[in-house]
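Note sheet for the following structure.
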Amino acid sequence: MVAALVDELTEDADTPTETARRPLVDEVRRYIDRHLGDPALSAERIAEAHLVSVRYLHRLFEAEGITVGRLIQRRRVEQCARELSRRGRVSPSISVVAARWGFRSAAHFSRAFKAAYGHAPRQWRRRTVTEAAGNEGVGAASVEDV
């Protein structure tokens with residue numbers, strides 16, 4: 001019975017209140033965005049930087065509907081997608097983009113990207129650049145017609 005009581009009290013102590021949770025979650029999200037390119041970014045590092053335990057950090061994100069690790073991966077993939085869809089004379093290789101945003105493995109990046117967007121990074125780049133070029137042509141034609 002004593003063990004059950006201790007577990008219950010510990011559980012309550014580790015459950016952040018909404019007023020305490022929201023500012024810290026927002027700060028953690030900003031921290032993640034500032035450090036996305038660091039391949040060593042992890043729940044452990046984030047917890048250490050915010051002077052909380054890893055368990056408490058995970059508890060904070062339970063209400064967010066995403067784990068800290070998944071949030072990091074999602075934000076990295078989003079940044080890679082944004083960069084891969086830019087047009088320019090000199091576009092960095094896909095592996096360079098992946099490394100810039102903290103992916104250590106090109107294979108891992110490719111799997112994560114395809115899971116998020118339904119296309120391999122190379123297909124994504126080709127498709128978004130082609131669509132952007134097509135939209136520019138459409139926009140230019142309609143301006144000239146007016």
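Ligands are numbered from 1 in the order shown, residues from 1 within each chain, and chains are lettered A, B, ... in the order they appear in the structure tokens.
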Determine, counting only C-alpha atoms, which protein, DNA and RNA residues have an atom within 10 Å of an atom of range 42-51 of chain A; residues of the same chain fewer than 5 positions away are not included. Present the result as a CSV table (one decimal) with all heavy atoms, in the first residue's frame.
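And here is the file that came out, result_39.csv:
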chain,number,residue,atom,x,y,z
A,24,LEU,N,6.8,26.5,-20.9
A,24,LEU,CA,8.0,25.6,-21.1
A,24,LEU,C,7.9,24.9,-22.4
A,24,LEU,O,8.9,24.7,-23.1
A,24,LEU,CB,8.1,24.6,-19.9
A,24,LEU,CG,9.4,23.8,-19.8
A,24,LEU,CD1,10.6,24.6,-20.0
A,24,LEU,CD2,9.4,22.9,-18.6
A,27,GLU,N,9.0,27.3,-25.0
A,27,GLU,CA,10.4,27.5,-25.0
A,27,GLU,C,11.2,26.3,-25.6
A,27,GLU,O,12.1,26.4,-26.3
A,27,GLU,CB,10.9,27.8,-23.6
A,27,GLU,CG,12.4,27.9,-23.4
A,27,GLU,CD,13.0,29.0,-24.3
A,27,GLU,OE1,12.4,30.0,-24.6
A,27,GLU,OE2,14.1,28.7,-24.8
A,28,VAL,N,10.7,25.1,-25.3
A,28,VAL,CA,11.3,23.9,-25.8
A,28,VAL,C,11.2,23.8,-27.3
A,28,VAL,O,12.2,23.5,-28.0
A,28,VAL,CB,10.8,22.6,-25.1
A,28,VAL,CG1,11.2,21.3,-25.9
A,28,VAL,CG2,11.2,22.5,-23.7
A,29,ARG,N,10.0,24.2,-27.8
A,29,ARG,CA,9.8,24.2,-29.3
A,29,ARG,C,10.8,25.2,-29.9
A,29,ARG,O,11.4,24.9,-31.0
A,29,ARG,CB,8.4,24.6,-29.6
A,29,ARG,CG,7.4,23.4,-29.4
A,29,ARG,CD,6.0,23.9,-29.7
A,29,ARG,NE,5.1,22.8,-29.6
A,29,ARG,CZ,4.8,21.9,-30.6
A,29,ARG,NH1,5.4,22.1,-31.8
A,29,ARG,NH2,4.0,20.9,-30.5
A,31,TYR,N,13.7,26.2,-28.7
A,31,TYR,CA,15.0,25.6,-28.6
A,31,TYR,C,15.2,24.6,-29.7
A,31,TYR,O,16.3,24.5,-30.3
A,31,TYR,CB,15.1,24.9,-27.2
A,31,TYR,CG,16.5,24.3,-26.9
A,31,TYR,CD1,17.5,25.1,-26.4
A,31,TYR,CD2,16.7,23.0,-27.2
A,31,TYR,CE1,18.8,24.5,-26.1
A,31,TYR,CE2,18.0,22.4,-27.0
A,31,TYR,CZ,19.0,23.2,-26.4
A,31,TYR,OH,20.2,22.6,-26.2
A,32,ILE,N,14.3,23.7,-29.9
A,32,ILE,CA,14.4,22.7,-31.0
A,32,ILE,C,14.6,23.4,-32.3
A,32,ILE,O,15.5,23.0,-33.1
A,32,ILE,CB,13.1,21.8,-31.0
A,32,ILE,CG1,13.1,20.9,-29.8
A,32,ILE,CG2,13.0,21.0,-32.3
A,32,ILE,CD1,11.8,20.1,-29.6
A,35,HIS,N,18.1,24.6,-32.8
A,35,HIS,CA,19.2,23.6,-32.8
A,35,HIS,C,18.9,22.4,-33.7
A,35,HIS,O,19.5,21.4,-33.6
A,35,HIS,CB,19.4,23.1,-31.3
A,35,HIS,CG,19.9,24.1,-30.4
A,35,HIS,ND1,19.0,24.9,-29.7
A,35,HIS,CD2,21.1,24.5,-30.1
A,35,HIS,CE1,19.8,25.8,-29.0
A,35,HIS,NE2,21.0,25.5,-29.2
A,36,LEU,N,18.0,22.6,-34.7
A,36,LEU,CA,17.6,21.5,-35.6
A,36,LEU,C,18.8,21.0,-36.3
A,36,LEU,O,18.9,19.8,-36.6
A,36,LEU,CB,16.6,22.0,-36.6
A,36,LEU,CG,15.2,21.9,-36.2
A,36,LEU,CD1,14.3,22.5,-37.3
A,36,LEU,CD2,14.7,20.5,-35.8
A,56,TYR,N,10.2,14.3,-17.2
A,56,TYR,CA,9.3,15.5,-17.1
A,56,TYR,C,9.1,16.1,-18.5
A,56,TYR,O,8.0,16.5,-18.9
A,56,TYR,CB,9.9,16.5,-16.1
A,56,TYR,CG,9.0,17.7,-15.9
A,56,TYR,CD1,7.9,17.6,-15.0
A,56,TYR,CD2,9.2,18.9,-16.5
A,56,TYR,CE1,7.1,18.6,-14.7
A,56,TYR,CE2,8.3,20.0,-16.3
A,56,TYR,CZ,7.3,19.8,-15.4
A,56,TYR,OH,6.4,20.9,-15.2
A,57,LEU,N,10.2,16.1,-19.3
A,57,LEU,CA,10.1,16.6,-20.6
A,57,LEU,C,9.1,15.8,-21.4
A,57,LEU,O,8.2,16.4,-22.1
A,57,LEU,CB,11.4,16.6,-21.3
A,57,LEU,CG,11.5,17.1,-22.8
A,57,LEU,CD1,11.1,18.6,-22.8
A,57,LEU,CD2,12.8,16.8,-23.4
A,58,HIS,N,9.1,14.5,-21.3
A,58,HIS,CA,8.2,13.7,-22.1
A,58,HIS,C,6.8,13.9,-21.6
A,58,HIS,O,5.8,13.9,-22.4
A,58,HIS,CB,8.6,12.2,-22.0
A,58,HIS,CG,9.8,11.9,-22.8
A,58,HIS,ND1,9.8,12.0,-24.2
A,58,HIS,CD2,11.0,11.4,-22.4
A,58,HIS,CE1,11.0,11.6,-24.6
A,58,HIS,NE2,11.8,11.3,-23.6
A,67,THR,N,5.7,13.0,-29.6
A,67,THR,CA,6.9,12.9,-28.7
A,67,THR,C,7.9,13.9,-29.1
A,67,THR,O,7.9,14.4,-30.2
A,67,THR,CB,7.5,11.4,-28.8
A,67,THR,OG1,8.0,11.3,-30.1
A,67,THR,CG2,6.5,10.4,-28.5
A,68,VAL,N,8.8,14.1,-28.2
A,68,VAL,CA,9.9,15.1,-28.5
A,68,VAL,C,10.7,14.6,-29.7
A,68,VAL,O,11.0,15.4,-30.6
A,68,VAL,CB,10.8,15.3,-27.2
A,68,VAL,CG1,12.0,16.2,-27.5
A,68,VAL,CG2,10.0,15.8,-26.1
A,69,GLY,N,11.0,13.3,-29.7
A,69,GLY,CA,11.8,12.8,-30.9
A,69,GLY,C,11.1,13.0,-32.2
A,69,GLY,O,11.7,13.3,-33.2
A,72,ILE,N,11.2,16.6,-33.3
A,72,ILE,CA,12.5,17.0,-33.9
A,72,ILE,C,12.5,16.5,-35.3
A,72,ILE,O,12.9,17.2,-36.2
A,72,ILE,CB,13.6,16.4,-33.0
A,72,ILE,CG1,13.7,17.1,-31.7
A,72,ILE,CG2,15.0,16.5,-33.8
A,72,ILE,CD1,14.6,16.4,-30.7
Polymer residues at most 6 Å from range 101-112 of chain A, only C-alpha atoms, same-chain spacing of 3 or more positions, as a PyMOL selection string: chain A and resi 36-39+76+95+98+115
Would you output that residue set with C-alpha atoms, as a JSON list (two decimals), in the first residue's frame?
[["chain", "number", "residue", "atom", "x", "y", "z"],
["A", 36, "LEU", "CA", 17.63, 21.52, -35.60],
["A", 37, "GLY", "CA", 20.93, 21.34, -37.46],
["A", 38, "ASP", "CA", 22.70, 19.73, -34.50],
["A", 39, "PRO", "CA", 22.72, 15.96, -35.10],
["A", 76, "ARG", "CA", 13.84, 18.61, -39.66],
["A", 95, "SER", "CA", 22.49, 14.66, -48.80],
["A", 98, "ALA", "CA", 19.75, 16.43, -44.98],
["A", 115, "ALA", "CA", 6.83, 8.82, -44.70]]
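Separating CA of Ser91 in chain A from CA of Arg125 in chain A is a distance of 10.1 Å.
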Using only C-alpha atoms: which of A:Val54, A:Leu60, A:Ala120, A:Val97 has the shortest distance to Glu83 in chain A: A:Val97
Residue nearest Arg74 in chain A - candidates A:Asp26, A:Glu131, A:Glu62, A:Asp33, atoms counted: only C-alpha atoms: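 Answer, going by the shortest atom-to-atom distance: A:Asp33.
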Please return, as a VMD selection string, all residues of range 62-94 of chain A that DSSP assigns to alpha helix (DSSP H) on the basis of the backbone. chain A and resid 62 68 to 84 94
Those same residues - N, CA, C and O atoms - I'd like them written as an mmCIF file, in the first residue's frame.
data_model
loop_
_atom_site.group_PDB
_atom_site.id
_atom_site.type_symbol
_atom_site.label_atom_id
_atom_site.label_comp_id
_atom_site.auth_asym_id
_atom_site.auth_seq_id
_atom_site.Cartn_x
_atom_site.Cartn_y
_atom_site.Cartn_z
ATOM 1 N N GLU A 62 3.166 15.019 -23.656
ATOM 2 C CA GLU A 62 2.037 14.091 -23.784
ATOM 3 C C GLU A 62 0.793 14.818 -24.276
ATOM 4 O O GLU A 62 0.070 14.324 -25.134
ATOM 5 N N VAL A 68 8.836 14.123 -28.206
ATOM 6 C CA VAL A 68 9.913 15.079 -28.479
ATOM 7 C C VAL A 68 10.728 14.614 -29.682
ATOM 8 O O VAL A 68 11.048 15.404 -30.582
ATOM 9 N N GLY A 69 11.043 13.344 -29.730
ATOM 10 C CA GLY A 69 11.815 12.806 -30.855
ATOM 11 C C GLY A 69 11.094 12.962 -32.180
ATOM 12 O O GLY A 69 11.697 13.330 -33.194
ATOM 13 N N ARG A 70 9.811 12.690 -32.199
ATOM 14 C CA ARG A 70 9.022 12.842 -33.431
ATOM 15 C C ARG A 70 8.923 14.315 -33.837
ATOM 16 O O ARG A 70 8.932 14.639 -35.016
ATOM 17 N N LEU A 71 8.811 15.197 -32.855
ATOM 18 C CA LEU A 71 8.754 16.631 -33.160
ATOM 19 C C LEU A 71 10.056 17.083 -33.823
ATOM 20 O O LEU A 71 10.032 17.800 -34.825
ATOM 21 N N ILE A 72 11.178 16.642 -33.282
ATOM 22 C CA ILE A 72 12.476 16.993 -33.866
ATOM 23 C C ILE A 72 12.539 16.485 -35.304
ATOM 24 O O ILE A 72 12.893 17.225 -36.223
ATOM 25 N N GLN A 73 12.175 15.234 -35.506
ATOM 26 C CA GLN A 73 12.235 14.657 -36.847
ATOM 27 C C GLN A 73 11.278 15.380 -37.797
ATOM 28 O O GLN A 73 11.652 15.706 -38.925
ATOM 29 N N ARG A 74 10.069 15.668 -37.350
ATOM 30 C CA ARG A 74 9.098 16.359 -38.204
ATOM 31 C C ARG A 74 9.607 17.742 -38.612
ATOM 32 O O ARG A 74 9.546 18.126 -39.771
ATOM 33 N N ARG A 75 10.146 18.503 -37.654
ATOM 34 C CA ARG A 75 10.653 19.844 -37.958
ATOM 35 C C ARG A 75 11.845 19.776 -38.923
ATOM 36 O O ARG A 75 11.971 20.603 -39.814
ATOM 37 N N ARG A 76 12.706 18.774 -38.749
ATOM 38 C CA ARG A 76 13.841 18.615 -39.659
ATOM 39 C C ARG A 76 13.364 18.308 -41.076
ATOM 40 O O ARG A 76 13.856 18.895 -42.044
ATOM 41 N N VAL A 77 12.421 17.394 -41.198
ATOM 42 C CA VAL A 77 11.905 17.033 -42.518
ATOM 43 C C VAL A 77 11.218 18.235 -43.159
ATOM 44 O O VAL A 77 11.387 18.485 -44.361
ATOM 45 N N GLU A 78 10.474 19.013 -42.386
ATOM 46 C CA GLU A 78 9.822 20.212 -42.921
ATOM 47 C C GLU A 78 10.851 21.202 -43.466
ATOM 48 O O GLU A 78 10.662 21.773 -44.552
ATOM 49 N N GLN A 79 11.922 21.406 -42.729
ATOM 50 C CA GLN A 79 12.960 22.335 -43.179
ATOM 51 C C GLN A 79 13.650 21.815 -44.443
ATOM 52 O O GLN A 79 13.960 22.585 -45.355
ATOM 53 N N CYS A 80 13.883 20.517 -44.490
ATOM 54 C CA CYS A 80 14.481 19.929 -45.693
ATOM 55 C C CYS A 80 13.549 20.096 -46.886
ATOM 56 O O CYS A 80 14.000 20.464 -47.980
ATOM 57 N N ALA A 81 12.268 19.848 -46.707
ATOM 58 C CA ALA A 81 11.296 19.990 -47.794
ATOM 59 C C ALA A 81 11.278 21.427 -48.295
ATOM 60 O O ALA A 81 11.252 21.676 -49.512
ATOM 61 N N ARG A 82 11.295 22.366 -47.378
ATOM 62 C CA ARG A 82 11.301 23.780 -47.758
ATOM 63 C C ARG A 82 12.541 24.100 -48.594
ATOM 64 O O ARG A 82 12.465 24.752 -49.625
ATOM 65 N N GLU A 83 13.688 23.616 -48.139
ATOM 66 C CA GLU A 83 14.928 23.908 -48.860
ATOM 67 C C GLU A 83 14.985 23.197 -50.209
ATOM 68 O O GLU A 83 15.447 23.769 -51.198
ATOM 69 N N LEU A 84 14.489 21.979 -50.263
ATOM 70 C CA LEU A 84 14.522 21.231 -51.517
ATOM 71 C C LEU A 84 13.567 21.811 -52.565
ATOM 72 O O LEU A 84 13.764 21.617 -53.759
ATOM 73 N N ILE A 94 20.866 16.617 -52.134
ATOM 74 C CA ILE A 94 19.906 16.180 -51.125
ATOM 75 C C ILE A 94 20.632 15.756 -49.855
ATOM 76 O O ILE A 94 20.195 16.078 -48.748
#
